[in-house]
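Chemist: See structure.csv below, with CSV, C-alpha atoms.
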chain,number,residue,atom,x,y,z
A,1,MET,CA,0.0,0.0,0.0
A,2,ASN,CA,1.0,3.6,-0.7
A,3,ASN,CA,0.0,6.9,0.8
A,4,LYS,CA,-0.3,8.9,-2.4
A,5,ILE,CA,-2.6,11.8,-2.9
A,6,ALA,CA,-4.6,12.4,-6.1
A,7,LEU,CA,-6.2,15.5,-7.5
A,8,LEU,CA,-9.0,15.1,-10.0
A,9,ALA,CA,-10.8,17.7,-12.1
A,10,GLY,CA,-14.0,16.7,-14.0
A,11,ALA,CA,-15.3,14.3,-11.3
A,12,SER,CA,-18.9,14.8,-12.4
A,13,GLY,CA,-18.2,13.8,-16.0
A,14,LEU,CA,-18.5,10.4,-17.7
A,15,VAL,CA,-14.9,9.3,-17.2
A,16,GLY,CA,-14.2,11.4,-14.1
A,17,ASN,CA,-17.1,9.9,-12.2
A,18,GLU,CA,-15.8,6.4,-12.9
A,19,LEU,CA,-12.2,7.4,-12.0
A,20,LEU,CA,-13.3,9.0,-8.7
A,21,ARG,CA,-14.8,5.7,-7.6
A,22,ILE,CA,-11.6,3.8,-8.5
A,23,LEU,CA,-9.4,6.3,-6.7
A,24,LEU,CA,-11.5,6.2,-3.5
A,25,ASP,CA,-11.4,2.4,-3.5
A,26,SER,CA,-7.7,2.2,-4.3
A,27,PRO,CA,-5.2,1.1,-1.6
A,28,HIS,CA,-2.6,3.3,-3.4
A,29,TYR,CA,-4.2,6.6,-2.4
A,30,SER,CA,-4.8,7.8,1.1
A,31,GLY,CA,-6.5,11.0,-0.1
A,32,VAL,CA,-8.4,12.2,-3.1
A,33,LYS,CA,-9.0,15.9,-3.8
A,34,ILE,CA,-11.5,17.0,-6.5
A,35,LEU,CA,-11.9,20.4,-8.0
A,36,VAL,CA,-15.6,21.1,-8.4
A,37,ARG,CA,-17.8,24.2,-9.2
A,38,ARG,CA,-20.4,22.9,-6.8
A,39,PRO,CA,-20.0,20.1,-4.2
A,40,LEU,CA,-21.0,16.6,-5.2
A,41,ASP,CA,-23.6,14.9,-3.2
A,42,MET,CA,-21.3,12.3,-1.7
A,43,ALA,CA,-18.9,11.8,1.2
A,44,HIS,CA,-16.0,9.5,1.8
A,45,GLU,CA,-13.2,9.5,4.4
A,46,LYS,CA,-10.6,9.9,1.7
A,47,LEU,CA,-12.4,12.6,-0.2
A,48,GLU,CA,-11.8,16.4,-0.1
A,49,GLN,CA,-14.0,18.6,-2.3
A,50,VAL,CA,-12.4,21.9,-3.3
A,51,VAL,CA,-15.1,24.3,-4.6
A,52,THR,CA,-13.2,26.0,-7.4
A,53,ASP,CA,-13.4,29.1,-9.6
A,54,PHE,CA,-11.7,27.6,-12.6
A,55,ASP,CA,-11.0,31.1,-14.0
A,56,LYS,CA,-8.8,31.7,-11.0
A,57,LEU,CA,-6.9,28.4,-10.7
A,58,ASP,CA,-3.8,30.1,-9.5
A,59,HIS,CA,-5.6,30.7,-6.2
A,60,TYR,CA,-5.7,26.9,-5.7
A,61,ALA,CA,-2.0,26.2,-6.3
A,62,GLU,CA,-1.5,24.6,-2.9
A,63,HIS,CA,-4.0,21.9,-3.8
A,64,PHE,CA,-1.7,20.7,-6.6
A,65,ASP,CA,0.9,19.6,-4.0
A,66,VAL,CA,-0.1,16.0,-4.7
A,67,ASP,CA,1.4,12.9,-6.4
A,68,ASP,CA,-0.9,12.5,-9.4
A,69,VAL,CA,-3.2,15.0,-11.2
A,70,TYR,CA,-6.0,13.6,-13.3
A,71,CYS,CA,-7.7,16.1,-15.7
A,72,CYS,CA,-11.0,14.8,-17.1
A,73,LEU,CA,-12.4,18.2,-18.0
A,74,GLY,CA,-14.4,18.5,-21.1
A,75,THR,CA,-17.5,19.9,-22.7
A,76,THR,CA,-19.1,20.4,-26.1
A,77,ILE,CA,-19.5,23.6,-28.2
A,78,LYS,CA,-23.3,23.2,-27.9
A,79,LYS,CA,-23.2,22.9,-24.1
A,80,ALA,CA,-20.6,25.7,-23.7
A,81,GLY,CA,-22.4,28.0,-26.0
A,82,SER,CA,-19.5,29.2,-28.2
A,83,GLN,CA,-16.1,28.1,-29.5
A,84,ASP,CA,-14.5,30.6,-27.1
A,85,ALA,CA,-16.3,29.1,-24.1
A,86,PHE,CA,-15.5,25.6,-25.3
A,87,LYS,CA,-11.8,26.4,-25.6
A,88,LYS,CA,-11.8,27.8,-22.0
A,89,VAL,CA,-12.8,24.5,-20.6
A,90,ASP,CA,-11.0,22.1,-23.0
A,91,TYR,CA,-7.8,24.1,-23.5
A,92,ASP,CA,-7.2,27.0,-21.0
A,93,TYR,CA,-8.2,25.2,-17.8
A,94,PRO,CA,-6.2,22.0,-18.5
A,95,LEU,CA,-3.2,24.0,-19.6
A,96,LYS,CA,-3.2,26.0,-16.4
A,97,MET,CA,-3.7,22.8,-14.4
A,98,ALA,CA,-0.6,21.3,-16.0
A,99,GLU,CA,1.4,24.5,-15.3
A,100,LEU,CA,0.4,24.3,-11.6
A,101,ALA,CA,1.2,20.6,-11.5
A,102,LYS,CA,4.7,21.4,-12.9
A,103,SER,CA,5.3,24.0,-10.3
A,104,GLN,CA,4.4,21.5,-7.5
A,105,GLN,CA,6.6,18.8,-9.1
A,106,VAL,CA,3.7,16.4,-9.6
A,107,LYS,CA,4.8,12.9,-10.6
A,108,ASN,CA,2.1,12.2,-13.1
A,109,PHE,CA,-0.2,14.5,-15.1
A,110,LEU,CA,-2.9,12.5,-16.9
A,111,ILE,CA,-5.4,14.0,-19.3
A,112,ILE,CA,-8.1,13.0,-21.8
A,113,THR,CA,-8.0,14.7,-25.2
A,114,ALA,CA,-9.5,12.8,-28.2
A,115,LEU,CA,-8.7,10.4,-31.0
A,116,GLY,CA,-7.8,12.5,-34.0
A,117,ALA,CA,-6.4,15.4,-32.1
A,118,ASP,CA,-4.3,17.4,-34.5
A,119,ALA,CA,-3.0,20.9,-34.0
A,120,GLU,CA,-3.2,21.5,-37.8
A,121,SER,CA,-6.7,20.1,-38.2
A,122,LYS,CA,-9.4,22.1,-40.0
A,123,VAL,CA,-11.9,20.9,-37.5
A,124,PHE,CA,-12.1,23.3,-34.5
A,125,TYR,CA,-12.6,20.5,-31.9
A,126,SER,CA,-9.7,18.3,-33.1
A,127,ARG,CA,-7.5,21.4,-33.6
A,128,THR,CA,-8.1,22.6,-30.1
A,129,LYS,CA,-7.3,19.2,-28.6
A,130,GLY,CA,-4.2,18.9,-30.8
A,131,GLN,CA,-2.9,22.4,-29.8
A,132,LEU,CA,-3.4,21.5,-26.2
A,133,GLN,CA,-1.3,18.4,-26.6
A,134,VAL,CA,1.5,20.4,-28.2
A,135,ARG,CA,1.5,22.9,-25.4
A,136,LEU,CA,1.4,20.3,-22.7
A,137,LYS,CA,4.5,18.6,-24.1
A,138,LYS,CA,6.4,21.8,-23.8
A,139,ILE,CA,5.8,22.4,-20.1
A,140,GLY,CA,8.3,19.8,-19.0
A,141,LEU,CA,6.1,17.7,-16.7
A,142,ALA,CA,7.8,14.8,-15.0
A,143,ALA,CA,5.4,12.4,-16.7
A,144,LEU,CA,2.6,13.4,-19.1
A,145,HIS,CA,0.0,10.8,-20.1
A,146,ILE,CA,-2.4,11.7,-22.9
A,147,PHE,CA,-5.4,9.5,-23.4
A,148,GLN,CA,-7.1,9.7,-26.8
A,149,PRO,CA,-10.3,7.7,-26.6
A,150,SER,CA,-12.7,7.2,-29.6
A,151,LEU,CA,-16.4,7.6,-28.9
A,152,LEU,CA,-17.0,7.2,-25.2
A,153,LEU,CA,-19.7,4.8,-24.1
A,154,GLY,CA,-21.5,5.1,-20.7
A,155,ASP,CA,-24.4,6.7,-18.9
A,156,ARG,CA,-24.3,10.4,-19.4
A,157,GLN,CA,-26.4,12.8,-17.3
A,158,GLU,CA,-27.3,14.8,-20.4
A,159,PHE,CA,-28.9,13.2,-23.5
A,160,ARG,CA,-26.8,13.3,-26.7
A,161,LEU,CA,-28.7,11.9,-29.7
A,162,GLY,CA,-25.6,11.1,-31.8
A,163,GLU,CA,-23.9,9.3,-29.0
A,164,LYS,CA,-27.1,7.4,-28.0
A,165,ALA,CA,-27.4,6.2,-31.5
A,166,ALA,CA,-23.8,5.2,-31.6
A,167,THR,CA,-24.1,3.3,-28.4
A,168,VAL,CA,-27.0,1.2,-29.8
A,169,LEU,CA,-25.1,0.5,-33.1
A,170,SER,CA,-21.7,0.0,-31.4
A,171,PRO,CA,-21.7,-3.8,-31.0
A,172,ALA,CA,-22.3,-4.4,-34.7
A,173,PHE,CA,-20.1,-1.5,-35.8
A,174,SER,CA,-17.1,-2.5,-33.7
A,175,LYS,CA,-16.9,-6.0,-35.3
A,176,LEU,CA,-16.2,-4.3,-38.6
A,177,LEU,CA,-13.2,-2.3,-37.3
A,178,LYS,CA,-10.1,-4.4,-37.6
A,179,GLY,CA,-6.5,-3.8,-38.3
A,180,LYS,CA,-5.6,-0.1,-38.6
A,181,MET,CA,-9.3,0.7,-38.1
A,182,LYS,CA,-9.4,-0.9,-34.7
A,183,LYS,CA,-8.5,2.3,-32.9
A,184,TYR,CA,-11.8,3.8,-34.0
A,185,LYS,CA,-13.8,1.4,-31.9
A,186,PRO,CA,-16.0,3.1,-29.2
A,187,VAL,CA,-14.6,2.7,-25.7
A,188,GLU,CA,-16.3,2.3,-22.4
A,189,ALA,CA,-15.7,5.3,-20.1
A,190,ARG,CA,-14.9,3.0,-17.2
A,191,ASN,CA,-12.1,1.4,-19.3
A,192,VAL,CA,-10.6,4.8,-19.9
A,193,ALA,CA,-10.7,5.5,-16.1
A,194,ILE,CA,-9.1,2.1,-15.4
A,195,ALA,CA,-6.3,2.8,-17.9
A,196,MET,CA,-5.6,6.2,-16.4
A,197,TYR,CA,-5.4,4.7,-12.9
A,198,GLU,CA,-3.2,1.9,-14.0
A,199,VAL,CA,-0.8,4.1,-15.9
A,200,ALA,CA,-0.3,6.4,-12.8
A,201,GLN,CA,0.9,3.4,-10.7
A,202,ILE,CA,4.0,3.0,-12.9
A,203,GLU,CA,7.0,5.0,-12.0
A,204,ARG,CA,8.5,6.5,-15.1
A,205,THR,CA,9.2,9.9,-16.8
A,206,GLY,CA,8.5,11.3,-20.2
A,207,ASN,CA,5.5,11.9,-22.5
A,208,TYR,CA,3.1,9.1,-23.4
A,209,THR,CA,0.0,8.9,-25.6
A,210,TYR,CA,-2.7,6.2,-25.5
A,211,PRO,CA,-5.2,5.9,-28.4
A,212,SER,CA,-8.3,3.8,-27.9
A,213,HIS,CA,-6.9,0.4,-28.7
A,214,ARG,CA,-4.0,0.9,-26.1
A,215,ILE,CA,-6.6,2.1,-23.6
A,216,GLU,CA,-8.6,-1.1,-24.1
A,217,ASN,CA,-5.4,-3.2,-23.8
A,218,ILE,CA,-4.4,-1.6,-20.5
A,219,SER,CA,-7.9,-2.0,-19.1
A,220,ALA,CA,-8.1,-5.6,-20.2
A,221,GLU,CA,-5.0,-6.4,-18.3
A,222,SER,CA,-6.1,-4.6,-15.1
A,223,THR,CA,-7.4,-6.3,-12.0
A,224,VAL,CA,-9.6,-3.3,-11.3
A,225,ARG,CA,-13.3,-4.0,-12.1
Could you render the structure from this file as structure tokens?

Modeler:
Amino acid sequence: MNNKIALLAGASGLVGNELLRILLDSPHYSGVKILVRRPLDMAHEKLEQVVTDFDKLDHYAEHFDVDDVYCCLGTTIKKAGSQDAFKKVDYDYPLKMAELAKSQQVKNFLIITALGADAESKVFYSRTKGQLQVRLKKIGLAALHIFQPSLLLGDRQEFRLGEKAATVLSPAFSKLLKGKMKKYKPVEARNVAIAMYEVAQIERTGNYTYPSHRIENISAESTVR
């Protein structure tokens, strides 16, 4: 057993919620901090909820004095209301978190971007995610872990027609994706959370990227269920 401390942002999201449960159950962590806009309706002896103004993350620098930082922040342009608002959540906030993690010498910074993230993409979503990856790699984090899932499967609080349809069609569709196309298979949110957790338990330095098929492989080899 270890006495590590984890910091998680995005605990109310699809992957973040799964990850929070894993971290609280883990013997490797004696404490789990979560950055939240509003307190979650839950309590646990390991859990510390930090009500956060994400526009003023510098004010919470002391909370980044932890071992591992997990960033599961994410929204959609529709939900955010504009491209600028989307970029604030999916680019500005994660980048600032990484900078604070670097200042506190965090061992692992783990973040979800997206499959197809490309700083030169003509698609705003993919370009934003790609630009974030480029910036993160320049910060000089001890260990940077970028997870690039394909379509995420799971029970979302909000209804998304496209993702609901994809969930229904996923079993048949996934069977057609083989070889180089395998990375496009939809992935369960819990499997992403498991992979993030497992990767953080390995002591190493450098920058690492995990597309969907690697996420699935790591999850399949895990004992966490």

Chemist: Would you pick out the contacts of A:Val224 at 9 Å or less, using only C-alpha atoms, so that residues sharing its chain but fewer than 3 positions from it are not included, and give the list as an MDAnalysis selection string?

Modeler: chainID A and resid 22 194 198 219 221

Chemist: Scan for residues within 9 Å of the point (-3.9, -1.6, -19.8) in the coordinates of the file, using only C-alpha atoms, and reply as an MDAnalysis selection string.

Modeler: chainID A and resid 191 194:196 198:199 214:222

Chemist: When you look at A:Gly154 with a cut-off of 8 Å (counting all atoms listed in the file), what residues show up, excluding the ones that are within fewer than 3 positions of it in the same chain? I need them as a PyMOL selection string.

Modeler: chain A and resi 14+188-190

Chemist: Take the residues just selected and output them with C-alpha atoms as a CSV table (one decimal), in the frame of the given file.

Modeler:
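New file result_22.csv:
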chain,number,residue,atom,x,y,z
A,14,LEU,CA,-18.5,10.4,-17.7
A,188,GLU,CA,-16.3,2.3,-22.4
A,189,ALA,CA,-15.7,5.3,-20.1
A,190,ARG,CA,-14.9,3.0,-17.2

Chemist: I need the residue nearest A:Glu48 from this list: A:Gly13, A:Tyr60, A:Leu7, A:Thr75. Use only C-alpha atoms for the distance.

Modeler: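 The answer is A:Leu7, which sits nearest to A:Glu48.
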
Chemist: So how far away is atom CA of A:Val89 from atom CA of A:Arg204, in Å?

Modeler: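 Between atom CA of A:Arg204 and atom CA of A:Val89 the gap is 28.4 Å.
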